[in-house]
Amino acid sequence: MDITVTVNGAKRSGAPEARKTLADYLRDDLELTGTHLGCEHGVCGACTVIVDGRAVRSCLMLAVQADGSEVTTVEGLAADGEMAPLQQALWDSHGFQCGFCTPGFLMQATAFLDGHPDADEASLREALSGNICRCTGYQSIVDGVLLAAERMRQG
Amino acid sequence: MKLPPFEYVVPTSVDEALALLAEHGDDANVLAGGQSLIPLLALRLARPAVLIDINRVGGLDGLSATNGQVYAGALTREYAAEESSVVADGVPLLAAALPFIGHEAIRSRGTIGGSLAHADPAGELPAVACALDAEFVVRSSSGERVVASADWFEGYLSTARQADELLTEVRFPKATAATGVSFDEVARRHGDFAIVALATSLTIDGGAISDARLAFAGASDVPVRASKAEQMLAGQKPSTELFAEAAQQAAADLDPPADLHGTADYRKKVAAALVRRGLEAAADAAGRR
Amino acid sequence: MAEILAERYTGASIKRSEDPRILTGRGRYVDDIKLPGMLHAAFVRSPLAHGKVLSVDVSAARELPGVVGVYTGADVESMTVPGPDLLASMMGGGVPMPEFTLLATDKVRLVGDPVVLVVAESRALAEDGAELVEVDYDELPAVANAATALDPSSTPVFDNLGNNIARPHSRNEFGDVASAFANADRTYEFTVNVHRHQNVPMEGRACVADFDAASGSMTMYAATQSVHVAKMAVAMRLGLEQDKVRVLAGDIGGSFGLKIGASREELAVAAASRVLGRPVKWVEDRGENLTTSGQAREESFDVRVAVSNDGDLLALDVNMVIDTGAYPGMGGMVPNIIEGMLPGPYKMQALGFESTGAITNKATYVAYRGPWASETFVRERIIDVIAKDLGLDPLEMRLRNVVDNTDPPANMITGRPLVGVTTKESMQRVAELVDVEAFRRRQEAERANGRYLGLGMATFIEAAPGPRSAESGQGLMGMEQMRLRLDDDGIVVLFTGQMPHGQSHQTTLAQIAADEFGVPFEQVRVVVGDTDQVPFGLTGGSRSATMTGGVALHGARQLKAKVLDFAANLMEANADDLDIVDGRVEVRGDPSSAITVTEVAHQAGDVDLEVQASYDGGEGGWSGGTHCAIVEVDVETGLVKIERYVVSEDCGALINPAVVEGQIRGGVAQGIGAVLLERSAYDENGNFQSATFMDYLLPTACDIPRIEIDHLETVPLDAHVNFRGVGEGGMIVAPPTLVNAIEDALTPFGVRIFEQHLPPARILELIETPT
């Protein structure tokens with residue numbers, strides 16, 4: 001099926017096989033390999049991207065279903081080579097270790113902060129509880145997101 | 001873990017969807033939010049020849065309140081219901097249950113109708129529908145029928161929906177001002193399917209319980225009401241002792257399944273705790289204690 | 001975040017140089033590799049725990065459009081050369097070696113055993129092809145647990161062994177065990193069980209094998225903890241000369257001990273690439289990862305303990321049985337480490353230790369973060385149980401028995417000198433931080449309200465790298481190599497055999513080298529993951545802080561000396577008078593004389609500014625610490641909430657505190673997961689029951705509390721290098737810490753706990769039927 005998806009601001013057209021997930025389409029067809037596959041059954045959150053303003057699991061959505069949608073992936077967070085405040089804060093906070101879960105956390109946190117700029121730690125942890133990190137014990141990630149929120153509030 | 005091949009069709013109207021269902025019947029799966037179906041496909045546990053994607057069917061989503069009922073279009077996303085004042089005001093039990101469904105990113109796609117048509121007995125929404133005696137509107141090319149909640153859930157992942165039918169709407173009764181609700185569950189982790197969940201609704205008039213509703217998820221192959229416990233409560237004044245008795249009754253009446261996450265005995269104990277806590281919370285919410 | 005102190009990078013939480021790529025989606029993991037003509041692999045796997053393979057029909061799969069190659073076990077045998085499993089022979093420690101093939105030929109030995117390899121134009125097509133393969137099996141009785149395996153009538157999993165003994169029974173005694181027990185006031189007997197759980201890195205095993213027929217050489221892109229071990233395995237089993245194999249690794253999505261060398265599947269994929277002359281990618285999916293990649297820790301311990309009435313721990317006598325799974329991995333050698341480490345930092349007159357390894361129809365026992373961790377669990381668990389029986393606070397009993405840091409040091413009864421251990425200090429520090437007294441008052445008060453709080457502590461030491469052997473004078477970890485070079489653009493390049501997969505070596509090694517050489521951090525580059533460039537090495541065993549940190553430090557000094565020798569000619573100065581400060585070579589005390597390191601490098605021309613360094617661990621020493629958890633148990637649901645978690649840790653001098661703390665927290669999180677959530681579950685027929693992330697439960701941000709970390713002032717043992725390993729400690733000590741806290745909370749119910757896995761249902765059972 002022919003589709004056109006706006007990915008990170010650019011219109012991309014293709015004809016993926018119907019069974020191809022959005023995650024595989026981003027990775028294979030568009031070569032945006034920042035989106036990672038950690039379980040392919042919707043539990044680990046590594047493949048989280050933003051579709052039409054909301055965080056979704058790209059392994060649980062067909063590519064053809066994204067026809068006409070706007071998709072943001074981890075590659076779309078930094079503008080003009082400059083890290084987004086969330087990325088910068090996670091760098092400053094030593095947020096991650098192996099980095100495999102990172103794109104999912106970044107996209108989930110981006111969507112969450114968008115709707116909850118004043119989020120406290122408990123609600124942030126709940127919002128991030130669908131993303132699994134095996135390395136960090138989460139504290140550095142939570143701290144990084146809270147730091148980003150604080151910086152963004154201060155403008 | 002890649003999806004098996006299937007034919008993919010995207011109707012844009014209910015009639016078109018119904019025609020496709022009539023044509024393909026049991027060979028087809030309806031794809032709504034996909035948050036349960038796509039994992040089943042990825043694990044190759046579901047092998048439909050045809051996938052009918054209803055996400056572009058017009059008029060299937062949206063929430064409205066009329067005549068003492070709240071109508072939820074089957075394609076209403078769970079996040080939209082979560083954010084809806086229609087739900088918050090009209091069906092507080094549904095509002096209370098929604099945040100327990102999976103995680104934010106799951107609720108971005110998951111739909112009210114999809115969850116109820118999938119009918120996972122550990123799911124939150126089936127328990128809510130069961131507690132509130134929700135009504136299920138299904139359509140086929142030969143017409144529309146309304147199925148009572150008591151008749152909807154037939155077994156594990158199995159409902160009264162026929163292969164040529166589409167669930168188009170779910171109708172929930174509106175809560176009255178005297179109704180207090182609670183939704184709570186015990187799960188291994190936040191966001192997991194419940195080991196046991198309980199939807200509680202208590203209406204208290206003049207200091208006595210006029211209507212008590214208790215529905216469990218995770219306690220059978222379908223969501224189940226604690227009927228005897230509800231009868232014990234009806235007409236009584238709320239009290240800690242009464243709630244404890246109701247909890248014992250509700251747990252005693254269960255014959256729950258066992259799995260990796262909990263034995264049958266464990267589920268019964270948790271059920272008792274949930275009933276006690278749920279009744280206390282619902283009674284508090286009803287503002288009469 | 002600490003600012004850079006005293007103009008040194010070492011010791012400061014320098015931001016990671018790995019992060020700009022990782023945070024922007026430009027990390028490069030195996031699955032991100034896309035080569036021209038690349039094919040994709042999937043495996044047909046056994047649905048049975050144990051069975052004979054009667055026939056394999058691949059005809060339908062071969063005919064599926066898009067399928068390029070289908071290889072049975074016999075096919076793969078003809079495409080490879082026979083040989084021992086490299087890893088098993090490296091780690092086996094002289095135990096009997098079973099005979100088996102890369103893919104199953106005659107038998108399947110666990111659910112998920114690979115039987116047929118299907119290679120196709122896409123992974124989806126390869127999976128479609130795999131579904132079309134028909135295998136007939138004759139099911140055999142499953143050897144589902146160690147008890148069955150040790151029954152001589154059980155069906156041998158490996159015919160050549162004739163039984164299911166992975167490691168024959170052996171017994172060793174240290175000190176006079178019999179008299180210690182005979183003279184004890186009291187003796188206790190317990191059986192302690194540790195359950196099977198597993199590594200579960202977020203990225204599973206993965207490789208791309210790319211055979212170039214023209215040159216006869218194999219390039220393998222691997223997710224591995226050691227590119228050289230992977231290379232050795234590929235060369236050996238494909239019958240290639242070592243110089244015809246190159247293994248490359250980029251970013252790796254975690255491992256925790258799982259990805260050492262090359263697995264059976266990866267070797268089969270490499271063989272397929274050679275036959276096809278095209279690159280073949282295999283990325284293990286989550287089901288494969290959980291079912292077959294490897295598991296760890298299923299062990300039982302019959303423990304006898306001799307104590308005095310005052311709580312002196314006199315002797316232990318332990319009988320361990322380890323369930324090593326089907327194919328050989330690390331299980332054979334784990335009892336050796338457990339034996340050596342069982343006394344921990346405690347005074348003890350005697351230890352008896354016997355062990356037996358069982359072969360079962362389960363996934364292979366692999367290394368998992370602190371593979372010997374069960375010794376800490378057993379010891380720290382029984383101390384709590386005995387202390388309470390004696391009416392002592394467990395902390396009091398620990399303090400009574402722990403060694404003092406004396407000169408000369410006390411020795412473990414199993415031999416090693418406990419030089420420089422700060423266990424006692426860490427216990428006291430943790431007790432202070434949590435205020436045990438105040439907690440006990442609160443615990444008492446809350447019990448009256450029906451709330452059950454508990455406090456648990458546990459302590460560990462880890463030989464990271466361990467002291468020099470008293471007899472041989474050698475370090476425990478062998479030698480670590482590093483090549484260092486000043487490139488002609490002025491960059492100091494470190495070539496290390498370490499293969500980071502989250503440990504931040506590209507940052508930490510650069511910190512050390514920058515300080516020692518005298519250049520800014522940004523002027524140091526760390527090269528990893530290429531067998532053509534880096535020396536032999538392996539990331540694992542909490543090795544790199546001391547061993548690689550040490551070789552970086554000494555190597556940078558060596559390189560600096562070489563550069564100064566060369567610069568001395570340029571500058572017409574005496575090398576002894578020169579120093580490198582902030583990237584500039586200058587005559588000491590005369591900054592005006594300076595020329596930049598970059599300029600020196602430019603001038604070098606044919607002069608080789610390169611050194612080979614090696615390091616033996618120096619004086620070594622122990623890392624260790626004490627952890628404390630405060631929990632609340634909901635006695636109606638069995639749910640455990642961790643209210644507070646406090647760590648006092650001594651890993652010597654810190655290279656990068658944020659990295660150290662990340663390692664500790666990550667390890668603790670895995671330990672919490674093991675106790676509350678994670679279990680590799682098999683039924684009585686050997687069917688694997690936790691093959692998805694809905695059944696194998698990893699902890700989330702809601703399950704792991706904030707973890708407070710206090711760093712102890714270390715005892716410097718070495719004149720130069722006092723960094724100690726910290727990768728495993730959290731995982732080693734968190735389980736007993738948490739279980740001790742849970743048992744403490746359940747004291748009013750008379751609960752004693754002799755197992756490690758405590759899901760809510762189990763907690764309610766324990767309350768109902770106290771052991």
# chains A, B, ... in the order shown; residues from 1 in each chain; ligands from 1
call {"tool": "interface_residues", "arguments": {"of": "chain A", "to": "chain C", "cutoff": "7 Å", "atoms": "only C-alpha atoms", "output": "count of residues only"}}
result
30
call {"tool": "interface_residues", "arguments": {"of": "chain A", "to": "chain B", "cutoff": "10 Å", "atoms": "only C-alpha atoms", "output": "VMD selection string"}}
result
chain A and resid 1 17 to 21 24 39 to 43 45 48 to 51 53 to 62 64 to 65 108 111 to 112 126 to 131
call {"tool": "select_by_dssp", "arguments": {"residues": "stretch 18-130 of chain A", "states": "strand (DSSP E or B)", "output": "ChimeraX atom specification"}}
result
/A:21,48-51,54-57,62,70-72,79,82
call {"tool": "closest_residue", "arguments": {"among": "C:Gly340, C:Gly750, C:Gly605, C:Gly686", "to": "C:Asp487", "atoms": "only C-alpha atoms"}}
result
C:Gly605
call {"tool": "atom_distance", "arguments": {"atom1": "atom CA of B:Val14", "atom2": "atom CA of B:Thr168"}}
result
8.5 Å
call {"tool": "residues_around", "arguments": {"residues": "B:Val86", "least_positions_apart": "3", "cutoff": "8 Å", "atoms": "only C-alpha atoms", "output": "number ranges by chain"}}
result
B: 63-65, 70, 89-91
call {"tool": "write_last_selection", "arguments": {"atoms": "C-alpha atoms", "output": "PDB file, in the first residue's frame"}}
result
ATOM      1  CA  LEU B  63     -18.174  10.282  23.681  1.00  0.00           C
ATOM      2  CA  SER B  64     -21.597  11.693  24.393  1.00  0.00           C
ATOM      3  CA  ALA B  65     -24.023  11.756  27.272  1.00  0.00           C
ATOM      4  CA  VAL B  70     -22.831   7.738  28.272  1.00  0.00           C
ATOM      5  CA  ASP B  89     -18.684  13.262  35.213  1.00  0.00           C
ATOM      6  CA  GLY B  90     -20.859  10.479  33.899  1.00  0.00           C
ATOM      7  CA  VAL B  91     -18.973   7.234  34.400  1.00  0.00           C
TER       8      VAL B  91
END
call {"tool": "atom_distance", "arguments": {"atom1": "atom CA of B:Arg145", "atom2": "atom CA of B:Leu167"}}
result
9.8 Å
call {"tool": "select_by_dssp", "arguments": {"residues": "stretch 29-269 of chain B", "states": "alpha helix (DSSP H)", "output": "PyMOL selection string"}}
result
chain B and resi 37-42+78-82+85-90+92-97+104-109+112-118+124-132+149-152+227-233+240-252+264-269
call {"tool": "closest_residue", "arguments": {"among": "C:Glu610, C:Glu765, C:Asp310, C:Glu189", "to": "chain B", "atoms": "only C-alpha atoms"}}
result
C:Glu765
